[in-house]
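*Asks:* Next comes the structure file input.cif, holding mmCIF, C-alpha atoms.
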data_upload
#
loop_
_atom_site.label_atom_id
_atom_site.label_comp_id
_atom_site.auth_asym_id
_atom_site.auth_seq_id
_atom_site.Cartn_x
_atom_site.Cartn_y
_atom_site.Cartn_z
CA MET R 190 16.82 65.77 37.40
CA THR R 191 20.42 65.19 36.26
CA ASN R 192 20.57 61.84 38.05
CA PHE R 193 17.20 60.83 36.58
CA LEU R 194 18.34 61.62 33.03
CA THR R 195 21.65 59.85 33.57
CA ASN R 196 19.88 56.77 34.91
CA LEU R 197 17.36 56.82 32.06
CA VAL R 198 19.95 57.15 29.30
CA ALA R 199 22.23 54.53 30.89
CA PHE R 200 19.28 52.15 31.36
CA ILE R 201 18.14 52.49 27.74
CA ALA R 202 21.72 51.99 26.53
CA LEU R 203 22.21 48.94 28.76
CA ILE R 204 18.92 47.26 27.83
CA SER R 205 19.32 48.06 24.12
CA ILE R 206 22.84 46.60 23.99
CA LEU R 207 21.96 43.40 25.85
CA VAL R 208 18.69 42.85 23.96
CA ALA R 209 20.45 43.44 20.65
CA VAL R 210 23.08 40.84 21.58
CA HIS R 211 20.45 38.32 22.71
CA GLU R 212 18.16 38.74 19.71
CA TYR R 213 21.10 38.80 17.29
CA GLY R 214 21.94 35.32 18.55
CA HIS R 215 18.46 34.09 17.60
CA TYR R 216 18.58 36.01 14.32
CA ILE R 217 21.96 34.94 12.98
CA VAL R 218 21.66 31.28 14.02
CA GLY R 219 18.14 31.21 12.58
CA ARG R 220 19.51 32.39 9.25
CA TRP R 221 22.38 29.88 9.43
CA THR R 222 19.88 27.05 9.94
CA GLY R 223 17.78 28.11 6.94
CA MET R 224 14.91 29.98 8.62
CA LYS R 225 13.30 33.07 7.16
CA VAL R 226 13.42 36.13 9.43
CA LEU R 227 10.49 38.49 9.05
CA ARG R 228 11.41 41.10 11.67
CA PHE R 229 14.27 42.00 14.03
CA SER R 230 13.07 44.54 16.59
CA ILE R 231 14.85 46.29 19.45
CA GLY R 232 12.04 47.35 21.75
CA PHE R 233 8.32 46.61 21.72
CA GLY R 234 5.31 48.49 20.42
CA LYS R 235 5.11 50.80 17.44
CA PRO R 236 8.30 51.02 15.36
CA VAL R 237 9.89 54.48 15.38
CA TRP R 238 12.53 53.52 12.80
CA THR R 239 12.39 50.74 10.21
CA TYR R 240 14.79 49.49 7.55
CA ILE R 241 13.88 46.72 5.11
CA GLY R 242 16.76 44.85 3.55
CA GLY R 243 18.24 41.55 2.40
CA LYS R 244 16.89 38.97 -0.01
CA ASP R 245 14.17 38.04 2.50
CA ARG R 246 13.12 41.70 2.88
CA THR R 247 13.55 41.48 6.65
CA GLU R 248 12.26 44.42 8.71
CA TYR R 249 14.87 45.85 11.09
CA CYS R 250 13.12 48.03 13.69
CA ILE R 251 13.72 50.21 16.69
CA SER R 252 10.42 50.31 18.57
CA ALA R 253 8.94 52.75 21.05
CA ILE R 254 9.17 50.76 24.31
CA PRO R 255 12.85 50.04 25.12
CA LEU R 256 12.19 47.14 27.50
CA GLY R 257 13.08 44.17 25.33
CA GLY R 258 12.99 43.04 21.75
CA TYR R 259 12.21 40.09 19.52
CA VAL R 260 12.98 38.22 16.32
CA LYS R 261 9.94 37.10 14.31
CA PHE R 262 10.47 34.04 12.14
CA LEU R 263 8.19 32.78 9.40
CA ASP R 264 5.85 30.25 11.03
CA SER R 265 3.20 28.12 9.25
CA ARG R 266 1.10 28.06 12.44
CA GLU R 267 0.45 31.77 12.00
CA GLY R 268 -0.60 31.70 8.35
CA PRO R 269 0.03 30.15 4.95
CA VAL R 270 3.60 29.84 3.68
CA GLU R 271 4.35 30.76 0.07
CA ALA R 272 5.67 27.94 -2.10
CA LYS R 273 9.10 29.61 -2.48
CA ASP R 274 9.46 29.68 1.32
CA GLU R 275 8.23 26.16 1.96
CA GLY R 276 10.49 24.46 4.51
CA ARG R 277 11.95 27.75 5.82
CA ALA R 278 9.31 28.39 8.51
CA PHE R 279 10.45 27.94 12.12
CA ASP R 280 8.07 25.04 12.76
CA GLN R 281 9.08 23.35 9.49
CA ARG R 282 12.77 23.13 10.37
CA PRO R 283 14.18 20.07 12.19
CA ILE R 284 13.76 20.10 15.97
CA PRO R 285 17.55 20.24 16.64
CA ALA R 286 17.71 23.39 14.50
CA ARG R 287 14.86 25.00 16.45
CA ILE R 288 16.49 24.17 19.79
CA THR R 289 19.80 25.57 18.53
CA VAL R 290 18.11 28.83 17.57
CA LEU R 291 16.40 29.08 20.95
CA LEU R 292 19.67 28.40 22.78
CA ALA R 293 21.51 30.98 20.69
CA GLY R 294 20.02 34.01 22.48
CA PRO R 295 21.25 33.06 25.98
CA ALA R 296 24.49 31.72 24.49
CA PHE R 297 25.24 35.11 22.92
CA ASN R 298 24.62 36.76 26.30
CA PHE R 299 27.28 34.52 27.85
CA LEU R 300 29.64 35.15 24.93
CA PHE R 301 29.10 38.89 25.35
CA SER R 302 30.00 38.60 29.02
CA ILE R 303 33.21 36.77 28.13
CA ALA R 304 34.10 39.48 25.61
CA ALA R 305 33.34 42.25 28.12
CA TYR R 306 35.50 40.65 30.82
CA TRP R 307 38.23 40.02 28.27
CA VAL R 308 38.35 43.75 27.50
CA LEU R 309 38.41 44.64 31.19
CA LEU R 310 41.14 42.13 32.03
CA ALA R 311 43.32 42.75 28.97
CA GLY R 312 46.83 43.80 29.98
CA GLY R 313 46.24 43.13 33.67
CA ILE R 314 44.40 44.78 36.55
CA THR R 315 45.09 45.97 40.09
CA ILE R 316 42.86 44.41 42.73
CA VAL R 317 42.47 44.71 46.49
CA THR R 318 43.32 41.58 48.46
CA PRO R 319 40.31 40.16 50.35
CA ALA R 320 40.95 41.57 53.82
CA VAL R 321 39.06 42.83 56.83
CA GLY R 322 38.54 46.55 57.31
CA VAL R 323 37.02 48.24 60.33
CA VAL R 324 35.16 45.78 62.60
CA GLU R 325 32.04 46.92 64.49
CA PRO R 326 32.12 46.12 68.22
CA GLY R 327 29.64 43.41 69.24
CA SER R 328 29.04 42.29 65.63
CA TYR R 329 29.28 38.75 64.25
CA ALA R 330 32.74 39.63 62.92
CA ASP R 331 33.85 40.94 66.32
CA LYS R 332 32.55 37.81 68.09
CA ALA R 333 34.45 35.66 65.58
CA GLY R 334 37.67 37.50 66.42
CA LEU R 335 38.20 39.25 63.09
CA GLU R 336 40.65 42.14 63.26
CA PHE R 337 41.46 45.09 61.03
CA GLY R 338 43.97 44.03 58.38
CA ASP R 339 43.28 40.27 58.51
CA LYS R 340 43.65 38.79 55.03
CA ILE R 341 40.98 36.24 54.07
CA VAL R 342 42.92 33.45 52.34
CA GLY R 343 40.25 30.78 52.57
CA VAL R 344 36.49 30.34 53.00
CA GLY R 345 35.57 26.79 53.92
CA GLU R 346 37.50 24.57 51.52
CA THR R 347 37.88 27.37 48.93
CA ALA R 348 41.16 29.27 48.65
CA THR R 349 40.49 32.95 47.99
CA THR R 350 42.67 35.60 46.38
CA GLN R 351 40.05 38.00 44.99
CA TRP R 352 36.98 39.62 46.55
CA GLU R 353 34.48 38.27 44.03
CA ALA R 354 35.38 34.64 44.73
CA THR R 355 35.48 35.43 48.45
CA LEU R 356 31.95 36.85 48.45
CA VAL R 357 30.60 33.90 46.45
CA ALA R 358 32.19 31.48 48.93
CA ILE R 359 30.96 33.43 51.99
CA LEU R 360 27.38 33.46 50.70
CA GLY R 361 27.58 29.80 49.73
CA GLU R 362 28.75 28.75 53.20
CA MET R 363 26.35 31.08 54.98
CA VAL R 364 23.15 29.91 53.30
CA ASP R 365 23.97 26.27 54.07
CA ASP R 366 23.95 26.39 57.88
CA GLY R 367 24.61 29.98 58.91
CA ARG R 368 28.30 29.28 59.63
CA VAL R 369 31.20 30.63 57.57
CA PRO R 370 34.63 29.08 58.32
CA LEU R 371 37.44 31.51 57.47
CA THR R 372 41.19 31.11 57.17
CA LEU R 373 42.86 34.40 58.09
CA VAL R 374 46.40 35.74 57.95
CA SER R 375 47.13 38.64 60.32
CA ASP R 376 49.54 41.54 59.75
CA ASP R 377 52.39 39.60 61.34
CA GLY R 378 51.88 36.61 59.01
CA ARG R 379 50.18 34.40 61.60
CA GLU R 380 47.53 32.07 60.13
CA ARG R 381 44.45 31.20 62.16
CA GLN R 382 40.90 29.92 61.80
CA ALA R 383 37.68 31.81 62.61
CA ILE R 384 33.97 31.08 62.20
CA LEU R 385 31.33 33.68 61.40
CA ASP R 386 28.18 32.23 62.97
CA VAL R 387 25.04 34.14 61.92
CA GLY R 388 22.57 31.36 62.76
CA ASP R 389 19.01 32.05 61.64
CA ASP R 390 19.98 35.55 60.50
CA LYS R 391 21.41 34.10 57.28
CA THR R 392 18.46 34.95 54.99
CA ARG R 393 18.36 38.60 56.08
CA LEU R 394 22.06 38.95 55.34
CA THR R 395 21.48 37.91 51.72
CA GLU R 396 19.37 41.03 51.13
CA PRO R 397 21.00 43.57 48.77
CA GLY R 398 23.65 45.61 50.58
CA ALA R 399 23.09 43.83 53.90
CA LEU R 400 26.03 41.43 53.98
CA PHE R 401 28.87 43.57 55.34
CA ASP R 402 26.67 45.72 57.56
CA GLY R 403 25.11 42.56 58.95
CA LEU R 404 28.40 40.76 59.49
CA GLY R 405 29.87 43.87 61.06
CA PHE R 406 32.94 44.61 58.97
CA VAL R 407 33.83 46.33 55.73
CA PRO R 408 36.35 45.28 53.07
CA TRP R 409 39.80 46.62 53.83
CA GLN R 410 40.67 50.08 52.60
CA PRO R 411 43.29 52.47 53.96
CA PRO R 412 41.81 53.82 57.23
CA ALA R 413 41.08 57.54 57.59
CA VAL R 414 44.31 58.24 59.46
CA ILE R 415 45.63 61.77 58.97
CA ALA R 416 49.08 61.78 57.39
CA ASP R 417 49.23 65.42 56.29
CA LEU R 418 47.55 68.76 57.13
CA PRO R 419 47.83 71.16 54.16
CA GLY R 420 47.91 74.83 55.18
CA ASP R 421 44.82 75.75 53.15
CA GLY R 422 42.51 73.24 54.86
CA ALA R 423 39.92 73.66 57.60
CA ALA R 424 41.61 70.97 59.70
CA VAL R 425 44.71 73.07 60.37
CA GLY R 426 44.50 74.65 63.82
CA SER R 427 41.28 72.79 64.65
CA GLY R 428 42.91 70.43 67.10
CA LEU R 429 43.24 67.52 64.68
CA ALA R 430 46.77 66.15 64.34
CA ILE R 431 48.79 63.80 62.16
CA GLY R 432 48.12 60.23 63.27
CA ASP R 433 44.50 60.83 64.33
CA ARG R 434 42.00 58.33 62.90
CA ILE R 435 38.72 60.05 61.97
CA THR R 436 35.76 57.85 62.91
CA ALA R 437 32.70 60.09 62.34
CA ILE R 438 31.61 63.41 60.81
CA ALA R 439 28.27 64.91 61.84
CA GLY R 440 27.27 61.54 63.23
CA GLU R 441 28.08 59.74 59.96
CA SER R 442 30.41 56.77 60.50
CA ILE R 443 33.80 57.00 58.77
CA LYS R 444 35.64 53.75 58.13
CA ASN R 445 38.08 54.80 55.39
CA PHE R 446 39.08 57.74 53.22
CA ASP R 447 36.32 57.04 50.69
CA ASP R 448 33.79 57.50 53.51
CA LEU R 449 35.61 60.65 54.59
CA ARG R 450 35.52 62.18 51.11
CA ASN R 451 31.84 61.28 50.66
CA ALA R 452 30.99 62.88 54.00
CA VAL R 453 32.97 66.07 53.45
CA GLU R 454 32.24 67.00 49.83
CA PRO R 455 28.49 67.79 50.23
CA ARG R 456 29.04 69.77 53.48
CA ALA R 457 30.84 72.87 52.23
CA GLY R 458 30.53 75.67 54.81
CA GLN R 459 28.74 73.51 57.38
CA ASP R 460 29.56 73.47 61.09
CA VAL R 461 30.18 69.82 62.03
CA THR R 462 31.50 67.67 64.86
CA ILE R 463 34.38 65.38 63.94
CA GLU R 464 35.06 62.36 66.12
CA TYR R 465 38.52 60.78 66.08
CA VAL R 466 40.77 58.35 67.91
CA ARG R 467 44.20 59.40 69.18
CA ALA R 468 46.49 56.99 71.01
CA GLY R 469 43.52 54.77 71.81
CA SER R 470 41.37 57.56 73.24
CA VAL R 471 38.19 58.90 71.65
CA ALA R 472 37.86 62.68 71.23
CA SER R 473 35.94 65.20 69.10
CA VAL R 474 36.34 68.65 67.66
CA ASP R 475 33.93 71.19 66.13
CA LEU R 476 34.87 73.00 62.92
CA VAL R 477 33.46 74.55 59.77
CA ILE R 478 34.11 72.54 56.59
CA GLY R 479 36.02 74.61 54.04
CA GLU R 480 35.21 74.75 50.36
CA ARG R 481 36.87 74.73 46.98
CA VAL R 482 35.67 74.76 43.38
CA VAL R 483 36.33 71.64 41.28
CA ASN R 484 35.24 71.72 37.62
CA GLY R 485 32.88 74.59 38.38
CA GLU R 486 31.25 72.81 41.36
CA THR R 487 31.67 73.92 44.98
CA MET R 488 32.69 71.03 47.23
CA GLY R 489 33.52 70.65 50.90
CA TYR R 490 37.24 70.63 51.74
CA LEU R 491 38.65 69.44 55.05
CA GLY R 492 42.32 69.49 54.18
CA VAL R 493 43.70 66.18 55.41
CA GLY R 494 46.02 63.87 53.53
CA TRP R 495 46.55 60.14 53.78
CA THR R 496 49.44 57.80 53.13
CA THR R 497 49.76 54.49 51.29
CA GLU R 498 52.48 53.34 53.66
CA GLY R 499 51.80 49.71 54.53
CA ALA R 500 49.02 49.49 51.93
CA ASP R 501 51.10 47.75 49.25
CA ALA R 502 50.59 44.41 50.99
CA TYR R 503 46.86 44.67 50.29
CA PHE R 504 47.05 45.33 46.55
CA GLN R 505 47.75 42.81 43.81
CA GLN R 506 48.79 43.54 40.25
CA LEU R 507 47.55 40.74 37.98
CA GLU R 508 49.27 40.61 34.61
CA TYR R 509 47.64 38.78 31.71
CA THR R 510 48.64 37.91 28.18
CA PRO R 511 45.74 38.11 25.70
CA LEU R 512 45.25 34.34 25.97
CA GLN R 513 45.41 34.40 29.78
CA SER R 514 42.90 37.24 29.94
CA LEU R 515 40.55 35.25 27.69
CA HIS R 516 40.88 32.24 29.98
CA ALA R 517 40.24 34.44 33.03
CA ALA R 518 37.19 35.97 31.31
CA VAL R 519 35.73 32.53 30.55
CA LEU R 520 36.35 31.40 34.13
CA LYS R 521 34.81 34.60 35.54
CA THR R 522 31.70 34.18 33.35
CA TRP R 523 31.36 30.53 34.33
CA THR R 524 31.73 31.28 38.05
CA SER R 525 29.18 34.10 37.88
CA THR R 526 26.75 31.92 35.93
CA VAL R 527 26.95 29.07 38.45
CA PHE R 528 26.55 31.53 41.32
CA THR R 529 23.47 33.09 39.68
CA VAL R 530 21.87 29.67 39.21
CA GLN R 531 22.64 28.72 42.82
CA MET R 532 21.17 31.94 44.18
CA LEU R 533 17.99 31.50 42.11
CA GLY R 534 17.62 28.01 43.52
CA ARG R 535 18.20 29.30 47.04
CA MET R 536 15.50 31.93 46.53
CA VAL R 537 13.03 29.17 45.67
CA THR R 538 13.91 27.30 48.88
CA GLY R 539 13.81 30.52 50.94
CA ASP R 540 17.49 30.45 51.92
CA VAL R 541 18.19 33.64 49.95
CA SER R 542 16.05 36.77 50.18
CA ILE R 543 13.74 37.47 47.22
CA LYS R 544 14.67 41.12 47.70
CA ASN R 545 17.60 40.34 45.38
CA ILE R 546 15.16 40.35 42.45
CA SER R 547 15.62 43.73 40.77
CA GLY R 548 13.29 45.57 38.42
CA PRO R 549 13.88 48.34 35.89
CA ILE R 550 14.11 51.11 38.51
CA ASN R 551 16.97 49.49 40.40
CA ILE R 552 18.71 48.41 37.20
CA ALA R 553 18.47 52.01 35.93
CA GLN R 554 20.01 53.30 39.16
CA ILE R 555 22.85 50.78 38.93
CA ALA R 556 23.40 51.58 35.25
CA GLY R 557 23.46 55.33 35.93
CA ALA R 558 25.85 55.02 38.86
CA SER R 559 28.22 52.79 36.87
CA ALA R 560 28.13 55.14 33.86
CA GLU R 561 29.06 58.09 36.08
CA ARG R 562 32.06 56.16 37.45
CA GLY R 563 33.43 55.46 33.96
CA TRP R 564 33.23 53.09 31.03
CA ARG R 565 34.99 50.23 32.82
CA TYR R 566 32.33 50.12 35.53
CA PHE R 567 29.54 50.30 32.95
CA VAL R 568 31.02 47.44 30.92
CA GLY R 569 31.35 45.42 34.12
CA ILE R 570 27.65 45.94 34.88
CA LEU R 571 26.80 44.99 31.29
CA ALA R 572 28.65 41.71 31.77
CA ILE R 573 26.90 40.90 35.06
CA ILE R 574 23.40 41.67 33.78
CA SER R 575 24.09 39.84 30.51
CA ILE R 576 24.77 36.70 32.53
CA SER R 577 21.55 37.18 34.50
CA LEU R 578 19.61 37.68 31.26
CA GLY R 579 21.09 34.51 29.81
CA VAL R 580 20.25 32.45 32.90
CA LEU R 581 16.71 33.82 33.27
CA ASN R 582 15.90 33.10 29.63
CA LEU R 583 16.83 29.45 30.14
CA LEU R 584 14.24 28.98 32.87
CA PRO R 585 11.54 26.47 31.76
CA ILE R 586 8.82 29.12 31.55
CA PRO R 587 6.80 28.82 28.31
CA VAL R 588 7.13 32.46 27.22
CA LEU R 589 10.93 32.32 27.64
CA ASP R 590 13.52 30.49 25.55
CA GLY R 591 13.79 27.72 28.15
CA GLY R 592 10.06 27.04 27.95
CA GLN R 593 10.12 26.96 24.16
CA ILE R 594 13.02 24.51 24.28
CA ALA R 595 10.91 22.33 26.58
CA TYR R 596 8.12 22.40 23.97
CA GLN R 597 10.55 21.19 21.28
CA ILE R 598 11.79 18.37 23.51
CA VAL R 599 8.22 17.24 24.23
CA GLU R 600 7.48 17.31 20.49
CA ALA R 601 10.54 15.16 19.80
CA LEU R 602 9.56 12.65 22.49
CA LYS R 603 5.88 12.31 21.44
CA GLY R 604 6.55 12.43 17.73
CA GLY R 605 4.35 15.46 17.08
CA PRO R 606 3.67 18.99 18.32
CA MET R 607 1.77 19.64 21.52
CA THR R 608 -1.90 20.37 21.13
CA ALA R 609 -2.98 23.98 20.75
CA ARG R 610 -4.84 23.72 24.07
CA ALA R 611 -1.73 22.47 25.90
CA GLN R 612 0.39 25.24 24.39
CA MET R 613 -2.20 27.86 25.32
CA LEU R 614 -2.31 26.57 28.90
CA GLY R 615 1.48 26.69 29.02
CA GLN R 616 1.49 30.26 27.75
CA GLN R 617 -1.01 31.29 30.43
CA VAL R 618 1.08 29.66 33.16
CA GLY R 619 4.19 31.34 31.77
CA ILE R 620 2.59 34.77 31.65
CA PHE R 621 1.36 34.34 35.23
CA ALA R 622 4.86 33.33 36.37
CA LEU R 623 6.41 36.35 34.62
CA LEU R 624 3.81 38.71 36.09
CA LEU R 625 4.55 37.29 39.54
CA LEU R 626 8.28 37.77 38.99
CA MET R 627 7.75 41.32 37.73
CA SER R 628 5.53 42.10 40.73
CA PHE R 629 8.31 41.05 43.10
CA ALA R 630 10.80 43.11 41.10
CA PHE R 631 8.69 46.29 41.11
CA TYR R 632 7.84 45.86 44.79
CA ASN R 633 11.54 45.53 45.64
CA ASP R 634 12.37 48.59 43.51
CA ILE R 635 9.76 50.73 45.22
CA ALA R 636 10.72 49.45 48.68
CA ARG R 637 14.37 50.41 48.01
CA LEU R 638 13.32 53.95 47.10
CA PHE R 639 11.83 54.39 50.59
CA ASP R 640 14.59 52.62 52.55
#
Using structure tokens, write down the structure from this file.
*Replies:*
Amino acid sequence: MTNFLTNLVAFIALISILVAVHEYGHYIVGRWTGMKVLRFSIGFGKPVWTYIGGKDRTEYCISAIPLGGYVKFLDSREGPVEAKDEGRAFDQRPIPARITVLLAGPAFNFLFSIAAYWVLLAGGITIVTPAVGVVEPGSYADKAGLEFGDKIVGVGETATTQWEATLVAILGEMVDDGRVPLTLVSDDGRERQAILDVGDDKTRLTEPGALFDGLGFVPWQPPAVIADLPGDGAAVGSGLAIGDRITAIAGESIKNFDDLRNAVEPRAGQDVTIEYVRAGSVASVDLVIGERVVNGETMGYLGVGWTTEGADAYFQQLEYTPLQSLHAAVLKTWTSTVFTVQMLGRMVTGDVSIKNISGPINIAQIAGASAERGWRYFVGILAIISISLGVLNLLPIPVLDGGQIAYQIVEALKGGPMTARAQMLGQQVGIFALLLLMSFAFYNDIARLFD
């Protein structure tokens, strides 16, 4: 129940913020271009809170269904316009002004993303170098010769220093022909080339969460090698020793200390088998996970410590001035926008799995998980989804901003508005396209719940 409430609150907050940003773009640019705004609503359906203000007596509403929002402009096609408002209706303004207003919503989503990234990057950040973690035997990564600790300094013709750019480049190369050329630097500084060849498996690997499992390696993190055995832990006297690398707990694979912590914490008091590697040999030991109380919650406690020795080479501290962080935020937003457009195009051609289309259930889960991890993670998710919202609204579907822009362009070219019949047909096609998109999204959400 706690997770459900967290997801629900985080989802409502996320959608409300992004919709408010998007609709404010339409609203403020509409006012700047001389249009009369009748209503600004966050949410659909019956208003639960309304404020009327300004010289135009605009209604500002929060409505009952928090799944969107809208700005309603005065429009002579919907009824007579009073003499004092003549020329201020949306359809009475010049076509360039209408297009500007329609573009403003997506534009504000991109500007919001830039601002969010600027906040996150301000003052500098610590990042993990793109590097190879544990490699699964027999996997594509193993066949390509990838080894634990290899730094990925290039993908195809793209030099890579951060994981985000690395993932974008890997996916881009993979969906082309199923081959991903990598430039690697090993622990001893030796540079070499490798090719991940996934062949016809490329579409499956674009499914959410399938990339690393499918390729057979995880991003580098300090391995679960025991560096300390505190006297109050269950590991002391169990047969485990300093230098052992834990590989599994109760059959659950352990690739790094994050995996180890996630496996131990929910197993307080449980009798488990721990598999480990010592001097190249595989062994196992049975023990009962200890427990300790943290913030009033009982958690499993194994009692093993780890060291950061040798890990410094895999971390980068990026320092930014305010201007540099702004430049980095703009670049990050641009890169993410281009990648989103490319992936949408690849979905149409079938090169990328349509399982990447997410609906409200999955977005709520992502929002809740990011909120639990802290404000920085939540702001990062806001930025990513804001970009997606901006891109989707520019699609040439009649009920979206992109479709309405297309209408204005057609009107400019033919010298008059489209016929009511043509607009109605366009609306029907647009609604069908949105329903189809929503059906995919809900199907994917439900399928993920049962995975």
*Asks:* So how far away is CA of Val541 (chain R) from CA of Thr529 (chain R), in Å?
*Replies:*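 That distance, rounded to one decimal, is 11.6 Å.
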*Asks:* Env of region 251-260 of chain R: 6 Å cut, atoms = all atoms listed in the file, seq-sep filter 5 positions within chain, self excluded. Answer as a PDB file with C-alpha atoms, in the coordinates of the input.
*Replies:*
ATOM      1  CA  VAL R 208      18.690  42.850  23.960  1.00  0.00           C
ATOM      2  CA  ARG R 228      11.410  41.100  11.670  1.00  0.00           C
ATOM      3  CA  PHE R 229      14.270  42.000  14.030  1.00  0.00           C
ATOM      4  CA  SER R 230      13.070  44.540  16.590  1.00  0.00           C
ATOM      5  CA  ILE R 231      14.850  46.290  19.450  1.00  0.00           C
ATOM      6  CA  GLY R 232      12.040  47.350  21.750  1.00  0.00           C
ATOM      7  CA  PHE R 233       8.320  46.610  21.720  1.00  0.00           C
ATOM      8  CA  GLY R 234       5.310  48.490  20.420  1.00  0.00           C
ATOM      9  CA  LYS R 235       5.110  50.800  17.440  1.00  0.00           C
ATOM     10  CA  PRO R 236       8.300  51.020  15.360  1.00  0.00           C
ATOM     11  CA  VAL R 237       9.890  54.480  15.380  1.00  0.00           C
ATOM     12  CA  TRP R 238      12.530  53.520  12.800  1.00  0.00           C
TER      13      TRP R 238
END
*Asks:* Since I can't run it myself right now, could you work out what the PyMOL selection byres ((chain R and resi 509) around 8) selects here and report it as a list in words?
*Replies:*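 Output from the PyMOL selection byres ((chain R and resi 509) around 8), applied to this file: Leu310, Ala311, Gly312, Gly313, Leu507, Glu508, Thr510, Pro511, Leu512, Gln513 and Ser514 of chain R.
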*Asks:* Evaluating the PyMOL selection byres ((chain R and resi 462-470) around 10) on the displayed file yields which residues, as a list in words?
*Replies:* Ala413, Val414, Leu429, Ala430, Ile431, Gly432, Asp433, Arg434, Ile435, Thr436, Ala437, Ile438, Ala439, Gly440, Glu441, Ser442, Ile443, Gln459, Asp460, Val461, Val471, Ala472, Ser473, Val474, Asp475, Leu476, Val477 and Ile478 of chain R
*Asks:* Write out as a list of chain:residue names the residues lying within 7 Å of Pro412 (chain R), counting only C-alpha atoms and excluding same-chain residues fewer than 4 positions away.
*Replies:*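 So, after excluding close chain neighbours, the residues are R:Lys444, R:Asn445, R:Phe446.
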*Asks:* I need the residue nearest Val342 (chain R) from this list: R:Glu362, R:Ile586, R:Ala354, R:Gly534. Use all atoms listed in the file for the distance.
*Replies:* R:Ala354
*Asks:* Any idea what the distance is between CA of Met224 (chain R) and CA of Phe279 (chain R)?
*Replies:* 6.0 Å
*Asks:* For Glu346 (chain R), which of R:Leu197, R:Leu491, R:Ala358, R:Ile206 is the closest residue, counting all atoms listed in the file?
*Replies:*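 Of all the options, R:Ala358 lies closest to Glu346 (chain R).
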*Asks:* Find the residues near region 199-202 of chain R: any atom within 12 Å, counting all atoms listed in the file, skip ones fewer than 2 places away on the same chain, and give them as a ChimeraX atom specification.
*Replies:* /R:192-197,204-209,231-232,253-257,548-564,566-568,570-571,574
*Asks:* R:Trp352, R:Asn451, R:Met607, R:Gly492: which is nearest Asp417 (chain R), counting all atoms listed in the file?
*Replies:*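 Between R:Trp352, R:Asn451, R:Met607, R:Gly492, the residue approaching Asp417 (chain R) most closely is R:Gly492.
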*Asks:* One decimal, in Å: what's the spacing between CA of Ile303 (chain R) and CA of Thr289 (chain R)?
*Replies:* 19.9 Å
*Asks:* I need the output of the PyMOL selection byres ((chain R and resi 274) around 10) for this file as a PyMOL selection string; which residues are they?
*Replies:* chain R and resi 224-225+245+263+270-273+275-278
*Asks:* Generate a file of the selected residues that holds C-alpha atoms, formatted as a compact mmCIF listing (two decimals), in the coordinates of the input.
*Replies:*
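Ended up saving to out09.txt:
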# COMPACT_ATOMS: atom_id res chain seq x y z
CA MET R 224 14.91 29.98 8.62
CA LYS R 225 13.30 33.07 7.16
CA ASP R 245 14.17 38.04 2.50
CA LEU R 263 8.19 32.78 9.40
CA VAL R 270 3.60 29.84 3.68
CA GLU R 271 4.35 30.76 0.07
CA ALA R 272 5.67 27.94 -2.10
CA LYS R 273 9.10 29.61 -2.48
CA GLU R 275 8.23 26.16 1.96
CA GLY R 276 10.49 24.46 4.51
CA ARG R 277 11.95 27.75 5.82
CA ALA R 278 9.31 28.39 8.51
*Asks:* If we count all atoms listed in the file and set the cut-off at 10 Å, which residues sit around Glu380 (chain R), ignoring sequence neighbours fewer than 5 positions away in its own chain? Please answer as an MDAnalysis selection string.
*Replies:* chainID R and resid 339:342 372:375
*Asks:* Go through R:Gly615, R:Gly605, R:Pro585, R:Gly579 and flag the residue nearest Pro295 (chain R), using all atoms listed in the file for the distances.
*Replies:*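 Closest residue, counting all atoms listed in the file: R:Gly579.
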*Asks:* Quick one: of R:Gly479, R:Gly322, R:Pro455, R:Gly223, who's nearest to Glu336 (chain R), counting only C-alpha atoms?
*Replies:*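 Of all the options, R:Gly322 lies closest to Glu336 (chain R).
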*Asks:* Can you pull out every residue within 12 Å of Gln616 (chain R), counting only C-alpha atoms, but drop anything in the same chain fewer than 6 positions away, and send it as a list of chain:residue names?
*Replies:* R:Pro585, R:Ile586, R:Pro587, R:Val588, R:Leu589, R:Gly592, R:Gln593, R:Tyr596, R:Ala609, R:Arg610, R:Ala622, R:Leu623
